[in-house]
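Notes follow the structure.
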Amino acid sequence: MEKKNDWRAWLYLAPVLILLSVFTFYPLISTIVIAFTKDYVYLTQSGSGFTLDNFAEIFRSKQIPNGDGTYTTVYSDVVQYAIPNTLIVVFVTVPLSIIISLLIAVALNSIKTLKKIFQTIFFMPYVTNAIAVGMVFAVIFNDNGLWNYIFHTMGTTWIDQGAPASRAMIALCIYSVWHALPYKILIFLSGLQNIDKQYYQAASIDAAGKFKTFMNVTVPLLSPQILYIMITSFIGSFKEYSSVVGLFGRSGTLTGYRNMYTIVYYIYDTISMKQVQYGCAAAVMLFIVVLIFTGIQFAVSNKRVYY
């Protein structure tokens, strides 16, 4: 009977398998193939064999003579901009967004009146288009925008091409943290509502303070949600692109302003300039890095996560 129904199962799965094959498996395999293809030509989609030069090219530095016998080392855009910017976004915004969203979720969970209204308000940014939100933040961080008005720094540039990289990164991190909060708050709220109240009653009987209860009861019992948020947040931050476009605009990098380059931005930029092999090499490198980070988090979770 089971063998007779096998074809029906495959028939039901066929639409999903076809979509996965066309839009997931084929692009993934094609990207890996192109990354290792020598002299890849975008128009004909052909190459001349296997090579590792595409990976070497995205990390290659150049020695430029200064005219006085000395040389200046010029690093590739990936080394000088994309990797440092991506790592800053990952290791600044992910911990901050997790901590802030957890504290907000705990506060929202303790509210008795108007809880649903506050939950809706905090969740609204998640369903708002990232580019649209980025454009609003671009106005806020304008030299005559709200940010400068609040801190009495009118005329200070934050996101224009003349702005220092440190200022632009501050604006990007603030936007990234703010935009990442709603989904994390929702996940933490669902976890908090599933915690048995007897644990808090036991902590109250033991005269444990709010901070001790939070660290010894709430955080351990939310560890599965924290692990899930950490993994998805790290992956999302490594793929940061839409926030950069929304905040700084697409034209910034194409005119030579690369202070806000991320790895995914570099991938899109090289593909738009028909240097597909370098974009694919960067994509494969990013895939390996994300895979390593995810594996490390799963390994650590074996001792830290309580189910």
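Numbering starts fresh at 1 for the residues of each chain in the structure tokens, the chains themselves are lettered A, B, ... in the order given, and ligands are numbered from 1 as they appear.
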
* Thr270 in chain A surroundings by only C-alpha atoms, 12 Å radius, close-in-sequence under 3 positions cut, as an NGL selection string -> :A and (42 or 58 or 77-78 or 253-254 or 261 or 263-267 or 273-283)

Restricting the output to C-alpha atoms, write the selected residues as a JSON list (two decimals), in the first residue's frame.
```
[["chain", "number", "residue", "atom", "x", "y", "z"],
["A", 42, "TYR", "CA", 29.06, 36.72, -19.15],
["A", 58, "ILE", "CA", 38.96, 39.63, -4.87],
["A", 77, "ASP", "CA", 37.50, 46.66, -2.26],
["A", 78, "VAL", "CA", 36.68, 43.39, -0.51],
["A", 253, "THR", "CA", 29.33, 53.05, -4.67],
["A", 254, "LEU", "CA", 29.19, 53.38, -8.44],
["A", 261, "TYR", "CA", 30.55, 48.54, 0.95],
["A", 263, "ILE", "CA", 30.16, 41.77, 0.90],
["A", 264, "VAL", "CA", 26.71, 41.38, -0.64],
["A", 265, "TYR", "CA", 26.90, 44.95, -1.98],
["A", 266, "TYR", "CA", 30.19, 44.00, -3.63],
["A", 267, "ILE", "CA", 28.53, 40.92, -5.14],
["A", 273, "MET", "CA", 29.51, 45.54, -14.05],
["A", 274, "LYS", "CA", 29.51, 42.12, -15.80],
["A", 275, "GLN", "CA", 32.32, 40.78, -13.56],
["A", 276, "VAL", "CA", 30.17, 37.82, -12.61],
["A", 277, "GLN", "CA", 33.04, 35.47, -11.76],
["A", 278, "TYR", "CA", 34.26, 37.76, -8.96],
["A", 279, "GLY", "CA", 30.77, 38.19, -7.57],
["A", 280, "CYS", "CA", 30.29, 34.42, -7.55],
["A", 281, "ALA", "CA", 33.66, 33.91, -5.84],
["A", 282, "ALA", "CA", 32.64, 36.40, -3.13],
["A", 283, "ALA", "CA", 29.28, 34.64, -2.78]]
```

* Tell me, as a PyMOL selection string, which residues lie within 7 Å of range 156-165 of chain A, counting only C-alpha atoms; anything in the same chain fewer than 3 positions away does not count. => chain A and resi 141-143+148+153+168-169+171+248+257+259

Output of the above residues as a CSV table (one decimal), in the first residue's frame, restricted to all heavy atoms:
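result14.csv written:
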```csv
chain,number,residue,atom,x,y,z
A,141,PHE,N,19.0,61.5,9.1
A,141,PHE,CA,20.5,61.7,9.2
A,141,PHE,C,21.0,62.7,8.2
A,141,PHE,O,22.3,62.8,8.1
A,141,PHE,CB,21.2,60.3,9.1
A,141,PHE,CG,21.2,59.5,10.3
A,141,PHE,CD1,20.2,58.4,10.4
A,141,PHE,CD2,22.0,59.7,11.3
A,141,PHE,CE1,20.2,57.7,11.5
A,141,PHE,CE2,22.0,58.9,12.5
A,141,PHE,CZ,21.1,57.9,12.6
A,142,ASN,N,20.2,63.4,7.5
A,142,ASN,CA,20.6,64.5,6.6
A,142,ASN,C,21.3,65.5,7.5
A,142,ASN,O,21.1,65.7,8.7
A,142,ASN,CB,19.4,65.0,5.9
A,142,ASN,CG,19.8,66.0,4.8
A,142,ASN,OD1,20.1,67.1,5.0
A,142,ASN,ND2,19.9,65.4,3.6
A,143,ASP,N,22.2,66.3,6.8
A,143,ASP,CA,23.0,67.3,7.5
A,143,ASP,C,22.1,68.3,8.2
A,143,ASP,O,22.5,68.9,9.2
A,143,ASP,CB,23.9,68.0,6.6
A,143,ASP,CG,23.3,68.6,5.4
A,143,ASP,OD1,22.1,68.4,5.2
A,143,ASP,OD2,23.9,69.3,4.6
A,148,ASN,N,20.7,65.7,13.8
A,148,ASN,CA,21.5,66.8,14.1
A,148,ASN,C,20.8,67.9,14.9
A,148,ASN,O,21.4,68.6,15.7
A,148,ASN,CB,22.0,67.5,12.8
A,148,ASN,CG,23.2,66.6,12.1
A,148,ASN,OD1,23.9,66.0,12.8
A,148,ASN,ND2,23.2,66.6,10.8
A,153,THR,N,23.9,69.5,16.3
A,153,THR,CA,25.1,69.4,15.5
A,153,THR,C,24.7,69.7,14.0
A,153,THR,O,25.1,69.0,13.1
A,153,THR,CB,25.7,68.0,15.5
A,153,THR,OG1,24.7,67.0,15.2
A,153,THR,CG2,26.3,67.7,16.9
A,168,ALA,N,29.1,57.4,9.0
A,168,ALA,CA,28.2,56.7,8.2
A,168,ALA,C,27.9,55.3,8.8
A,168,ALA,O,26.8,54.8,8.7
A,168,ALA,CB,28.8,56.5,6.8
A,169,MET,N,28.9,54.7,9.4
A,169,MET,CA,28.7,53.4,10.0
A,169,MET,C,27.8,53.5,11.2
A,169,MET,O,27.0,52.6,11.5
A,169,MET,CB,30.1,52.8,10.4
A,169,MET,CG,30.0,51.3,10.9
A,169,MET,SD,29.2,50.2,9.8
A,169,MET,CE,30.4,50.1,8.5
A,171,ALA,N,25.3,55.6,11.6
A,171,ALA,CA,24.0,55.7,11.0
A,171,ALA,C,23.5,54.4,10.6
A,171,ALA,O,22.3,54.0,10.8
A,171,ALA,CB,24.0,56.7,9.9
A,248,PHE,N,21.9,54.8,1.9
A,248,PHE,CA,22.9,55.6,1.2
A,248,PHE,C,22.6,55.7,-0.3
A,248,PHE,O,23.2,56.5,-1.0
A,248,PHE,CB,24.3,54.9,1.4
A,248,PHE,CG,24.7,54.9,2.8
A,248,PHE,CD1,24.5,53.8,3.6
A,248,PHE,CD2,25.3,56.0,3.3
A,248,PHE,CE1,24.9,53.7,4.9
A,248,PHE,CE2,25.7,55.9,4.7
A,248,PHE,CZ,25.5,54.8,5.4
A,257,TYR,N,32.4,56.0,-4.1
A,257,TYR,CA,32.2,56.1,-2.6
A,257,TYR,C,32.0,54.7,-2.1
A,257,TYR,O,30.9,54.2,-2.2
A,257,TYR,CB,31.1,57.0,-2.2
A,257,TYR,CG,30.9,57.2,-0.8
A,257,TYR,CD1,31.8,57.9,0.0
A,257,TYR,CD2,29.8,56.6,-0.1
A,257,TYR,CE1,31.6,58.1,1.4
A,257,TYR,CE2,29.6,56.8,1.2
A,257,TYR,CZ,30.5,57.5,2.0
A,257,TYR,OH,30.2,57.7,3.3
A,259,ASN,N,32.8,53.6,1.2
A,259,ASN,CA,33.0,53.5,2.6
A,259,ASN,C,31.9,52.5,3.2
A,259,ASN,O,32.1,52.0,4.3
A,259,ASN,CB,32.8,54.8,3.3
A,259,ASN,CG,34.1,55.6,3.2
A,259,ASN,OD1,35.2,55.1,2.9
A,259,ASN,ND2,34.1,56.9,3.4
```

* Those of range 50-257 of chain A in DSSP helix (DSSP H, G or I), formatted as JSON, numbers by chain -> {"A": [53, 54, 55, 56, 57, 58, 59, 77, 78, 79, 80, 81, 82, 83, 84, 85, 86, 87, 88, 89, 90, 91, 92, 93, 94, 95, 96, 97, 98, 99, 100, 101, 102, 103, 104, 105, 106, 107, 108, 109, 110, 115, 116, 117, 118, 119, 120, 121, 122, 123, 124, 125, 126, 127, 130, 131, 132, 133, 134, 135, 136, 137, 138, 139, 140, 146, 147, 148, 149, 150, 165, 166, 167, 168, 169, 170, 171, 172, 173, 174, 175, 176, 177, 178, 179, 180, 181, 182, 183, 184, 185, 186, 187, 188, 189, 190, 191, 192, 193, 197, 198, 199, 200, 201, 202, 203, 204, 205, 210, 211, 212, 213, 214, 215, 216, 217, 218, 219, 220, 221, 223, 224, 225, 226, 227, 228, 229, 230, 231, 232, 233, 234, 235, 236, 237, 238, 242, 243, 244, 245, 246, 247, 248, 251, 252, 253, 254]}

* Residue with smallest distance to Ser190 in chain A - pool A:Ile292, A:Ala207, A:Leu222, A:Leu146, counting only C-alpha atoms -> A:Leu222
